[in-house]
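Structure data follow from data04.txt (compact mmCIF, C-alpha atoms):
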```
# COMPACT_ATOMS: atom_id res chain seq x y z
CA MET X 748 16.53 -40.34 50.45
CA ALA X 749 13.13 -38.71 50.17
CA LYS X 750 10.98 -39.23 47.13
CA VAL X 751 8.70 -36.54 45.74
CA LEU X 752 5.64 -37.96 44.04
CA VAL X 753 3.00 -35.96 42.15
CA VAL X 754 -0.52 -37.32 41.79
CA THR X 755 -1.92 -35.73 38.65
CA SER X 756 -4.42 -36.28 35.82
CA GLY X 757 -5.36 -33.16 33.89
CA LYS X 758 -9.05 -33.94 34.17
CA GLY X 759 -10.95 -33.20 37.35
CA GLY X 760 -12.99 -35.67 39.36
CA VAL X 761 -11.01 -38.78 38.44
CA GLY X 762 -9.81 -39.46 42.00
CA LYS X 763 -6.54 -37.56 42.51
CA THR X 764 -7.33 -36.44 46.06
CA THR X 765 -8.83 -39.80 47.06
CA SER X 766 -5.77 -41.56 45.62
CA THR X 767 -3.34 -39.16 47.32
CA ALA X 768 -5.02 -39.81 50.68
CA ALA X 769 -5.14 -43.58 50.15
CA LEU X 770 -1.56 -43.94 48.88
CA GLY X 771 -0.25 -41.58 51.56
CA ALA X 772 -2.03 -43.51 54.30
CA ALA X 773 -0.91 -46.86 52.86
CA LEU X 774 2.72 -45.71 52.82
CA ALA X 775 2.41 -44.39 56.38
CA GLN X 776 0.81 -47.69 57.48
CA SER X 777 3.83 -49.51 56.04
CA GLY X 778 6.11 -47.53 58.35
CA GLU X 779 7.26 -44.69 56.06
CA THR X 780 7.04 -41.04 57.07
CA VAL X 781 4.75 -39.25 54.64
CA VAL X 782 3.55 -35.72 54.00
CA VAL X 783 0.68 -35.07 51.61
CA VAL X 784 0.68 -31.58 50.12
CA ASP X 785 -2.45 -29.96 48.71
CA PHE X 786 -1.65 -27.77 45.68
CA ASP X 787 -5.26 -26.89 44.90
CA VAL X 788 -5.15 -23.25 46.02
CA GLY X 789 -8.66 -21.88 46.44
CA LEU X 790 -10.32 -25.30 46.25
CA ARG X 791 -8.60 -27.35 48.91
CA ASN X 792 -10.12 -30.73 49.69
CA LEU X 793 -7.36 -33.03 50.86
CA ASP X 794 -7.99 -31.82 54.43
CA LEU X 795 -11.64 -32.86 54.11
CA VAL X 796 -10.87 -36.30 52.64
CA LEU X 797 -8.40 -36.89 55.49
CA GLY X 798 -10.86 -35.66 58.13
CA ALA X 799 -8.60 -32.79 59.21
CA GLU X 800 -10.73 -29.88 57.95
CA ARG X 801 -11.34 -28.47 61.42
CA ARG X 802 -7.67 -28.52 62.36
CA VAL X 803 -6.39 -26.24 59.58
CA VAL X 804 -4.98 -23.01 61.00
CA PHE X 805 -2.08 -22.13 58.70
CA ASP X 806 -1.46 -23.26 55.14
CA PHE X 807 1.03 -23.70 52.28
CA ILE X 808 0.74 -20.04 51.16
CA ASN X 809 1.41 -18.77 54.71
CA VAL X 810 4.62 -20.81 54.70
CA ILE X 811 5.66 -19.56 51.24
CA GLN X 812 5.04 -15.96 52.27
CA GLY X 813 7.08 -16.50 55.43
CA THR X 814 4.20 -15.63 57.78
CA VAL X 815 4.61 -18.91 59.67
CA LYS X 816 7.16 -21.69 59.97
CA LEU X 817 6.61 -24.91 58.05
CA SER X 818 6.18 -26.83 61.32
CA GLN X 819 3.27 -24.56 62.26
CA ALA X 820 1.35 -25.40 59.10
CA LEU X 821 1.90 -29.17 59.15
CA ILE X 822 -0.98 -31.21 60.58
CA ARG X 823 -0.36 -34.68 61.98
CA ASP X 824 -2.98 -37.33 61.26
CA LYS X 825 -4.87 -38.43 64.38
CA ARG X 826 -4.82 -42.11 63.43
CA LEU X 827 -1.40 -42.46 61.83
CA ASP X 828 1.64 -41.01 63.58
CA THR X 829 3.72 -40.93 60.42
CA LEU X 830 1.18 -39.19 58.15
CA TRP X 831 1.19 -35.41 57.87
CA LEU X 832 -0.76 -32.88 55.81
CA LEU X 833 0.24 -29.52 54.41
CA PRO X 834 -3.09 -27.92 53.49
CA ALA X 835 -3.63 -25.53 50.58
CA SER X 836 -4.83 -22.02 51.10
CA GLN X 837 -8.42 -21.01 50.41
CA THR X 838 -7.25 -17.64 49.05
CA ARG X 839 -8.47 -16.73 45.60
CA ASP X 840 -5.08 -15.34 44.65
CA LYS X 841 -3.45 -18.23 42.80
CA ASP X 842 -0.33 -16.16 42.09
CA ALA X 843 0.53 -16.55 45.77
CA LEU X 844 1.99 -19.93 44.80
CA THR X 845 5.46 -19.11 43.44
CA ALA X 846 8.03 -21.41 41.87
CA ASP X 847 10.76 -20.30 44.30
CA GLY X 848 8.47 -20.66 47.29
CA VAL X 849 7.37 -24.16 46.27
CA ALA X 850 10.99 -25.20 45.62
CA ARG X 851 12.01 -24.00 49.07
CA VAL X 852 9.18 -25.81 50.87
CA ILE X 853 9.73 -29.05 48.91
CA THR X 854 13.45 -28.97 49.77
CA GLN X 855 12.58 -28.62 53.46
CA LEU X 856 9.99 -31.42 53.28
CA ARG X 857 12.53 -33.71 51.59
CA GLN X 858 14.70 -33.47 54.68
CA MET X 859 11.83 -34.29 57.05
CA PHE X 860 9.99 -37.14 55.33
CA ASP X 861 10.52 -40.35 53.33
CA TRP X 862 7.73 -39.41 50.92
CA VAL X 863 6.38 -36.05 49.77
CA ILE X 864 3.13 -36.57 47.86
CA CYS X 865 1.87 -33.57 45.89
CA ASP X 866 -1.86 -33.59 45.18
CA SER X 867 -2.24 -31.66 41.92
CA PRO X 868 -5.28 -29.58 41.04
CA ALA X 869 -7.09 -30.38 37.79
CA GLY X 870 -6.12 -28.49 34.65
CA ILE X 871 -2.74 -27.33 33.43
CA GLU X 872 -2.56 -23.95 35.15
CA ARG X 873 0.01 -22.73 37.66
CA GLY X 874 -1.03 -25.01 40.56
CA ALA X 875 -0.84 -28.15 38.42
CA MET X 876 2.46 -27.14 36.81
CA LEU X 877 4.06 -26.37 40.19
CA ALA X 878 2.74 -29.61 41.72
CA MET X 879 4.66 -31.61 39.09
CA ARG X 880 7.64 -29.25 38.80
CA TYR X 881 9.93 -30.76 41.47
CA ALA X 882 8.67 -34.36 41.39
CA ASP X 883 10.89 -37.42 41.01
CA ALA X 884 7.94 -39.60 40.01
CA ALA X 885 4.37 -39.16 38.89
CA VAL X 886 1.19 -41.13 39.41
CA ILE X 887 -1.19 -40.38 36.55
CA VAL X 888 -4.76 -41.06 37.65
CA THR X 889 -7.00 -42.05 34.74
CA ASN X 890 -10.59 -43.23 34.39
CA PRO X 891 -11.36 -45.63 31.52
CA GLU X 892 -13.19 -42.91 29.64
CA VAL X 893 -12.21 -40.87 26.56
CA SER X 894 -11.81 -37.39 28.05
CA SER X 895 -9.76 -38.65 30.98
CA VAL X 896 -7.42 -40.67 28.72
CA ARG X 897 -6.90 -37.73 26.38
CA ASP X 898 -6.07 -35.39 29.27
CA SER X 899 -3.68 -37.96 30.74
CA ASP X 900 -1.84 -38.09 27.42
CA ARG X 901 -1.48 -34.33 27.57
CA ILE X 902 -0.22 -34.46 31.16
CA ILE X 903 2.35 -37.13 30.26
CA GLY X 904 3.66 -34.75 27.59
CA LEU X 905 3.95 -31.95 30.14
CA LEU X 906 5.71 -34.23 32.65
CA ASP X 907 8.28 -35.00 29.95
CA ALA X 908 8.81 -31.33 29.09
CA LYS X 909 8.05 -29.00 31.96
CA THR X 910 9.42 -30.66 35.09
CA GLU X 911 12.78 -29.85 36.61
CA LYS X 912 13.94 -33.42 35.96
CA ALA X 913 12.94 -33.24 32.29
CA GLU X 914 14.69 -29.90 31.87
CA LYS X 915 17.89 -31.45 33.24
CA GLY X 916 17.57 -34.17 30.61
CA GLU X 917 16.56 -36.82 33.14
CA VAL X 918 13.50 -39.02 32.87
CA ILE X 919 10.64 -38.61 35.33
CA GLU X 920 9.27 -41.96 36.52
CA LYS X 921 5.66 -42.37 35.40
CA HIS X 922 3.02 -44.72 36.83
CA LEU X 923 -0.51 -45.18 35.54
CA LEU X 924 -3.24 -45.63 38.14
CA ILE X 925 -6.60 -46.55 36.66
CA THR X 926 -9.47 -45.69 38.98
CA ARG X 927 -13.25 -46.22 38.92
CA TYR X 928 -12.78 -49.32 36.83
CA ASP X 929 -15.95 -51.34 36.34
CA ALA X 930 -15.10 -54.89 35.30
CA VAL X 931 -18.70 -55.72 34.38
CA ARG X 932 -19.00 -52.82 31.97
CA ALA X 933 -15.52 -53.38 30.54
CA GLY X 934 -16.41 -57.04 30.03
CA LYS X 935 -19.50 -56.03 28.05
CA GLY X 936 -17.43 -53.65 25.95
CA GLU X 937 -19.18 -50.62 27.36
CA MET X 938 -16.07 -49.22 29.01
CA LEU X 939 -12.49 -48.97 27.77
CA SER X 940 -10.53 -51.98 28.97
CA ILE X 941 -7.23 -51.84 30.87
CA GLU X 942 -5.47 -53.05 27.70
CA ASP X 943 -7.03 -50.23 25.65
CA VAL X 944 -5.87 -47.55 28.09
CA LEU X 945 -2.39 -49.06 28.39
CA GLU X 946 -2.02 -49.32 24.63
CA ILE X 947 -3.00 -45.68 24.15
CA LEU X 948 -0.98 -44.14 26.98
CA SER X 949 1.93 -46.63 26.92
CA ILE X 950 3.26 -46.02 30.43
CA PRO X 951 3.61 -48.75 33.09
CA LEU X 952 0.55 -49.66 35.15
CA VAL X 953 0.87 -49.27 38.93
CA GLY X 954 -2.64 -50.32 39.89
CA VAL X 955 -6.31 -50.70 39.03
CA VAL X 956 -8.81 -49.43 41.57
CA PRO X 957 -12.34 -50.74 41.04
CA GLU X 958 -15.39 -48.48 41.23
CA SER X 959 -16.69 -49.00 44.74
CA GLN X 960 -19.08 -47.70 47.38
CA GLU X 961 -16.23 -47.98 49.86
CA ALA X 962 -14.29 -45.13 48.23
CA LEU X 963 -17.33 -42.84 48.56
CA ARG X 964 -17.93 -43.94 52.14
CA ALA X 965 -14.29 -43.21 52.99
CA SER X 966 -14.53 -39.61 51.81
CA ASN X 967 -17.91 -39.21 53.55
CA ILE X 968 -16.40 -40.08 56.90
CA GLY X 969 -13.07 -38.37 56.24
CA ALA X 970 -10.77 -41.37 56.40
CA PRO X 971 -8.48 -42.83 53.71
CA VAL X 972 -10.03 -46.02 52.34
CA THR X 973 -6.94 -48.03 53.31
CA LEU X 974 -7.65 -47.13 56.96
CA CYS X 975 -11.43 -47.27 57.28
CA SER X 976 -12.06 -50.45 55.30
CA ALA X 977 -8.70 -52.10 54.88
CA SER X 978 -10.04 -55.33 53.43
CA SER X 979 -12.19 -53.69 50.72
CA ALA X 980 -11.25 -54.07 47.05
CA PRO X 981 -10.14 -50.43 46.57
CA ALA X 982 -8.03 -50.53 49.76
CA ARG X 983 -6.27 -53.68 48.57
CA ALA X 984 -5.68 -52.12 45.15
CA TYR X 985 -4.15 -49.00 46.75
CA CYS X 986 -1.95 -51.11 49.07
CA ASP X 987 -0.65 -53.12 46.11
CA ALA X 988 -0.02 -49.90 44.15
CA MET X 989 1.85 -48.48 47.16
CA ARG X 990 4.10 -51.54 47.32
CA ARG X 991 4.84 -51.25 43.60
CA LEU X 992 5.73 -47.58 44.10
CA LYS X 993 8.19 -48.72 46.77
CA GLY X 994 9.77 -50.97 44.17
CA GLU X 995 8.33 -54.28 45.35
CA ASN X 996 7.35 -56.82 42.75
CA VAL X 997 3.64 -57.41 43.30
CA PRO X 998 1.66 -59.39 40.70
CA MET X 999 -1.03 -57.23 39.09
CA THR X 1000 -4.59 -58.19 39.91
CA ILE X 1001 -7.17 -56.79 37.54
CA PRO X 1002 -10.63 -56.68 39.11
CA SER X 1003 -12.70 -59.26 37.26
CA ASP X 1004 -16.37 -59.64 36.58
CA PRO X 1005 -17.65 -62.44 38.85
CA LYS X 1006 -20.59 -63.19 36.56
CA ARG X 1007 -18.55 -63.33 33.41
CA LEU X 1008 -17.42 -66.96 33.44
CA PHE X 1009 -20.89 -68.15 34.34
CA GLY X 1010 -22.44 -65.83 31.76
CA LYS X 1011 -20.16 -67.13 29.05
CA LEU X 1012 -21.03 -70.75 29.83
CA PHE X 1013 -24.67 -69.88 30.00
CA ARG X 1014 -24.65 -68.00 26.68
CA ARG X 1015 -22.86 -70.81 24.99
CA LYS X 1016 -25.44 -73.29 26.24
CA ALA X 1017 -28.30 -71.06 25.20
CA ALA X 1018 -26.87 -70.68 21.70
CA MET U 809 -23.38 -64.49 9.31
CA SER U 810 -26.50 -62.63 8.24
CA ILE U 811 -26.74 -58.87 8.30
CA PHE U 812 -29.21 -59.11 11.14
CA ASN U 813 -26.74 -61.05 13.24
CA TRP U 814 -23.95 -58.64 12.42
CA PHE U 815 -25.97 -55.68 13.67
CA ASN U 816 -26.89 -57.56 16.79
CA TRP U 817 -23.26 -58.49 17.43
CA ASN U 818 -22.13 -54.96 16.81
CA ARG U 819 -24.53 -53.62 19.39
CA ARG U 820 -23.64 -56.26 21.95
CA ARG U 821 -19.96 -55.50 21.46
CA GLY U 822 -20.55 -52.12 23.13
CA SER U 823 -19.12 -48.71 22.50
CA ALA U 824 -15.65 -49.24 23.99
CA PRO U 825 -14.01 -50.18 20.65
CA VAL U 826 -15.38 -46.96 19.13
CA ALA U 827 -13.93 -44.99 22.05
CA ARG U 828 -10.56 -46.69 21.62
CA ASP U 829 -10.40 -46.02 17.89
CA ARG U 830 -11.44 -42.38 18.25
CA LEU U 831 -8.81 -41.82 20.92
CA LYS U 832 -6.09 -43.46 18.85
CA VAL U 833 -6.83 -41.26 15.84
CA LEU U 834 -7.07 -38.14 17.97
CA LEU U 835 -3.88 -38.71 19.93
CA GLU U 836 -1.98 -39.59 16.79
CA HIS U 837 -3.17 -36.29 15.40
CA GLU U 838 -2.30 -34.31 18.50
CA GLY U 839 0.68 -36.64 18.68
CA MET U 840 4.25 -35.68 19.47
CA ARG U 841 3.83 -35.28 23.20
CA GLY U 842 5.25 -32.33 25.04
CA VAL U 843 7.33 -29.61 23.47
CA LYS U 844 6.60 -30.74 19.94
CA SER U 845 2.87 -31.10 20.61
CA ASP U 846 2.07 -28.25 18.22
CA LEU U 847 4.24 -29.55 15.36
CA LEU U 848 1.27 -30.78 13.33
CA GLY U 849 -0.62 -27.54 13.93
CA LEU U 850 2.43 -25.58 12.81
CA LEU U 851 2.90 -27.68 9.67
CA ARG U 852 -0.77 -27.45 8.85
CA GLY U 853 -0.80 -23.66 9.23
CA GLU U 854 2.20 -23.16 6.99
CA ILE U 855 0.98 -25.64 4.37
CA VAL U 856 -2.41 -23.93 4.22
CA ALA U 857 -0.69 -20.54 3.85
CA VAL U 858 1.42 -21.76 0.91
CA ILE U 859 -1.52 -23.40 -0.88
CA CYS U 860 -3.72 -20.35 -0.34
CA ARG U 861 -1.22 -18.18 -2.18
CA HIS U 862 -2.04 -20.04 -5.39
CA VAL U 863 -5.48 -21.63 -5.00
CA THR U 864 -8.47 -20.93 -2.85
CA VAL U 865 -9.02 -23.75 -0.39
CA LYS U 866 -11.02 -23.95 2.76
CA PRO U 867 -8.72 -24.57 5.72
CA GLU U 868 -11.01 -27.35 6.94
CA ASN U 869 -10.41 -29.18 3.67
CA VAL U 870 -6.72 -29.53 4.43
CA GLN U 871 -5.89 -32.63 6.44
CA VAL U 872 -2.46 -33.29 7.84
CA LYS U 873 -1.91 -36.66 9.46
CA MET U 874 1.16 -38.17 11.00
CA ASN U 875 1.56 -41.90 11.41
CA ARG U 876 4.21 -42.77 13.90
CA GLY U 877 6.03 -46.03 13.48
CA ALA U 878 8.87 -47.62 15.40
CA THR U 879 11.51 -46.68 12.83
CA VAL U 880 9.77 -44.50 10.26
CA SER U 881 6.99 -41.94 10.58
CA THR U 882 4.99 -40.71 7.61
CA LEU U 883 3.27 -37.42 6.99
CA ALA U 884 0.11 -37.53 4.89
CA ILE U 885 -1.30 -34.31 3.48
CA ASP U 886 -4.74 -34.39 1.94
CA ILE U 887 -5.97 -31.19 0.30
CA GLU U 888 -9.35 -30.85 -1.29
CA ILE U 889 -9.26 -28.25 -4.10
CA PRO U 890 -12.59 -27.01 -5.45
CA ALA U 891 -13.13 -27.66 -9.15
```
Spit out the file's structure as structure tokens when you get a sec.
Amino acid sequence: MAKVLVVTSGKGGVGKTTSTAALGAALAQSGETVVVVDFDVGLRNLDLVLGAERRVVFDFINVIQGTVKLSQALIRDKRLDTLWLLPASQTRDKDALTADGVARVITQLRQMFDWVICDSPAGIERGAMLAMRYADAAVIVTNPEVSSVRDSDRIIGLLDAKTEKAEKGEVIEKHLLITRYDAVRAGKGEMLSIEDVLEILSIPLVGVVPESQEALRASNIGAPVTLCSASSAPARAYCDAMRRLKGENVPMTIPSDPKRLFGKLFRRKAA
Amino acid sequence: MSIFNWFNWNRRRGSAPVARDRLKVLLEHEGMRGVKSDLLGLLRGEIVAVICRHVTVKPENVQVKMNRGATVSTLAIDIEIPA
């Protein structure tokens, strides 16, 4: 039975596309068939992050409008046989994305793949609402920073009210993914801690991805971080998050500040 | 602990606790996720309208706060009336 997952956040720039690519690749690496769908009409980027930007011929809107078949718009990843991409259109006409059209395509994708991952655009406009509309579960990407947390709270409210599942009286599964976490700054009290964010948003935590050069390098070269530097801290965090999404029981590892223990001892001595 | 030390400690503690407290107050205010997210705004609007029929108050001097508890929630209305 296929699972439709939306990766959303409200706020832009928190790591939705990076997380979609990394989780999608991690799932595909674990043997699942996965399609990642870009809902950011007019500002597509998932193709770029996956290194498939030069292979886009047809897109999501072409399929919705019936110009091409779904199979013509799907792009298979060159490194992972089981990872596919449905790119967004670069058209400026956002109304081209219709609820009926999206429902039809999602239904088709459900029959073809184990996982359908919808990469939501920022904001709460049509693209974002349709990305979450038919989802069974949601990954809410949040940075430990006030505006991101506030927007996530808003998105959680919308997930509970405006999705098909919610309208049927069912509960949409929600998972919190904290990205760009800096253990050193959180340790110093300069950044909201994991506990703070969890207390405020009160949804279950699926993973904590540390701030890292590797994530930037991955998007520079157009490869998901779980593929291009599999042993890096963000890749391990995404792999653990992926296993939790699959229902495995993986102990949570919060990135810690390596200097903290030493610093504490040192401060105590100095005082 | 002397005042000097307290200031020093406060600064070292960082700004995260301030962020957390501001968020908590804000989200409590915006509260009631989803369909009811405008409940407080609605209540506030109607309360201001009723008060304004009898006394002149500035809308910004009307504060409506909801505290959500596990079993009971309370609604606090604070209206500043000019002398």
Which chain X residues have any atom within 10 Å of an atom of chain U, and for each, what is the nearest pair of atoms with distance in Å to one decimal, counting all atoms listed in the file, rows sorted by chain and number, as a tab-separated table?
```
residue	atom	partner	partner_atom	distance
X:Pro891	CA	U:Ala824	CA	9.4
X:Glu892	CA	U:Ala827	CA	7.9
X:Val893	CA	U:Ala827	CA	6.3
X:Ser894	CA	U:Leu831	CA	8.9
X:Val896	CA	U:Leu831	CA	8.0
X:Arg897	CA	U:Leu831	CA	7.1
X:Asp900	CA	U:Arg841	CA	7.6
X:Arg901	CA	U:Arg841	CA	6.9
X:Ile902	CA	U:Gly842	CA	8.5
X:Ile903	CA	U:Arg841	CA	7.4
X:Gly904	CA	U:Gly842	CA	3.9
X:Leu905	CA	U:Gly842	CA	5.3
X:Leu906	CA	U:Gly842	CA	7.9
X:Asp907	CA	U:Gly842	CA	6.4
X:Ala908	CA	U:Gly842	CA	5.5
X:Lys909	CA	U:Gly842	CA	8.2
X:Arg932	CA	U:Gly822	CA	9.0
X:Ala933	CA	U:Ala824	CA	7.7
X:Gly934	CA	U:Arg821	CA	9.4
X:Lys935	CA	U:Gly822	CA	6.4
X:Gly936	CA	U:Gly822	CA	4.5
X:Glu937	CA	U:Gly822	CA	4.7
X:Met938	CA	U:Ala824	CA	5.0
X:Leu939	CA	U:Ala824	CA	4.9
X:Ser940	CA	U:Ala824	CA	7.6
X:Asp943	CA	U:Arg828	CA	6.4
X:Val944	CA	U:Arg828	CA	8.0
X:Glu946	CA	U:Lys832	CA	9.2
X:Ile947	CA	U:Lys832	CA	6.5
X:Leu948	CA	U:Leu835	CA	9.4
```
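The list of residues with at least one atom within 12 Å of segment 862-869 of chain U, based on all atoms listed in the file and without residues fewer than 4 positions apart in the same chain, reads U:Gly849, U:Arg852, U:Gly853, U:Glu854, U:Ile855, U:Val856, U:Ala857, U:Val858, U:Ile885, U:Asp886, U:Ile887, U:Glu888, U:Ile889, U:Pro890, U:Ala891.
Computed from the coordinates, the atom CA of Gly789 of chain X to atom CA of Arg826 of chain X distance equals 26.7 Å.
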Seminar exercise, completed: Taken to one decimal, the atom CA of Ala772 of chain X-atom CA of Leu974 of chain X distance is 7.2 Å
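Across the model, the gap from atom CA of Leu793 of chain X to atom CA of Thr765 of chain X is 7.9 Å.
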Problem set entry | Which residue of X:Gly954, X:Glu872, X:Ile941, X:Asp861 approaches Val997 of chain X most closely, using all atoms listed in the file |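 For Val997 of chain X, the nearest of the candidates is X:Gly954.
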For this session: For segment 879-890 of chain X, list every protein, DNA or RNA residue within 8 Å, evaluated using all atoms listed in the file, and leave out those in the same chain fewer than 4 positions away; present the list as a count of residues only.
Result: 34
Give me segment 853-871 of chain U from this structure - C-alpha atoms, as a short mmCIF file (atom, residue, chain, number, x, y, z; two decimals), in the first residue's frame.
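The resulting part29.cif:
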```cif
data_model
loop_
_atom_site.label_atom_id
_atom_site.label_comp_id
_atom_site.auth_asym_id
_atom_site.auth_seq_id
_atom_site.Cartn_x
_atom_site.Cartn_y
_atom_site.Cartn_z
CA GLY U 853 -13.87 42.13 17.63
CA GLU U 854 -17.30 41.54 19.12
CA ILE U 855 -16.23 42.49 22.64
CA VAL U 856 -14.72 45.75 21.38
CA ALA U 857 -17.92 46.49 19.43
CA VAL U 858 -20.09 46.01 22.54
CA ILE U 859 -17.84 48.12 24.79
CA CYS U 860 -17.61 50.87 22.18
CA ARG U 861 -21.37 51.26 22.20
CA HIS U 862 -21.18 52.57 25.76
CA VAL U 863 -17.66 53.89 26.34
CA THR U 864 -14.90 55.13 24.12
CA VAL U 865 -11.95 52.77 24.22
CA LYS U 866 -9.02 52.35 21.94
CA PRO U 867 -9.11 48.90 20.33
CA GLU U 868 -5.44 48.39 21.20
CA ASN U 869 -6.33 48.79 24.88
CA VAL U 870 -8.52 45.71 24.78
CA GLN U 871 -6.62 42.50 25.47
#
```
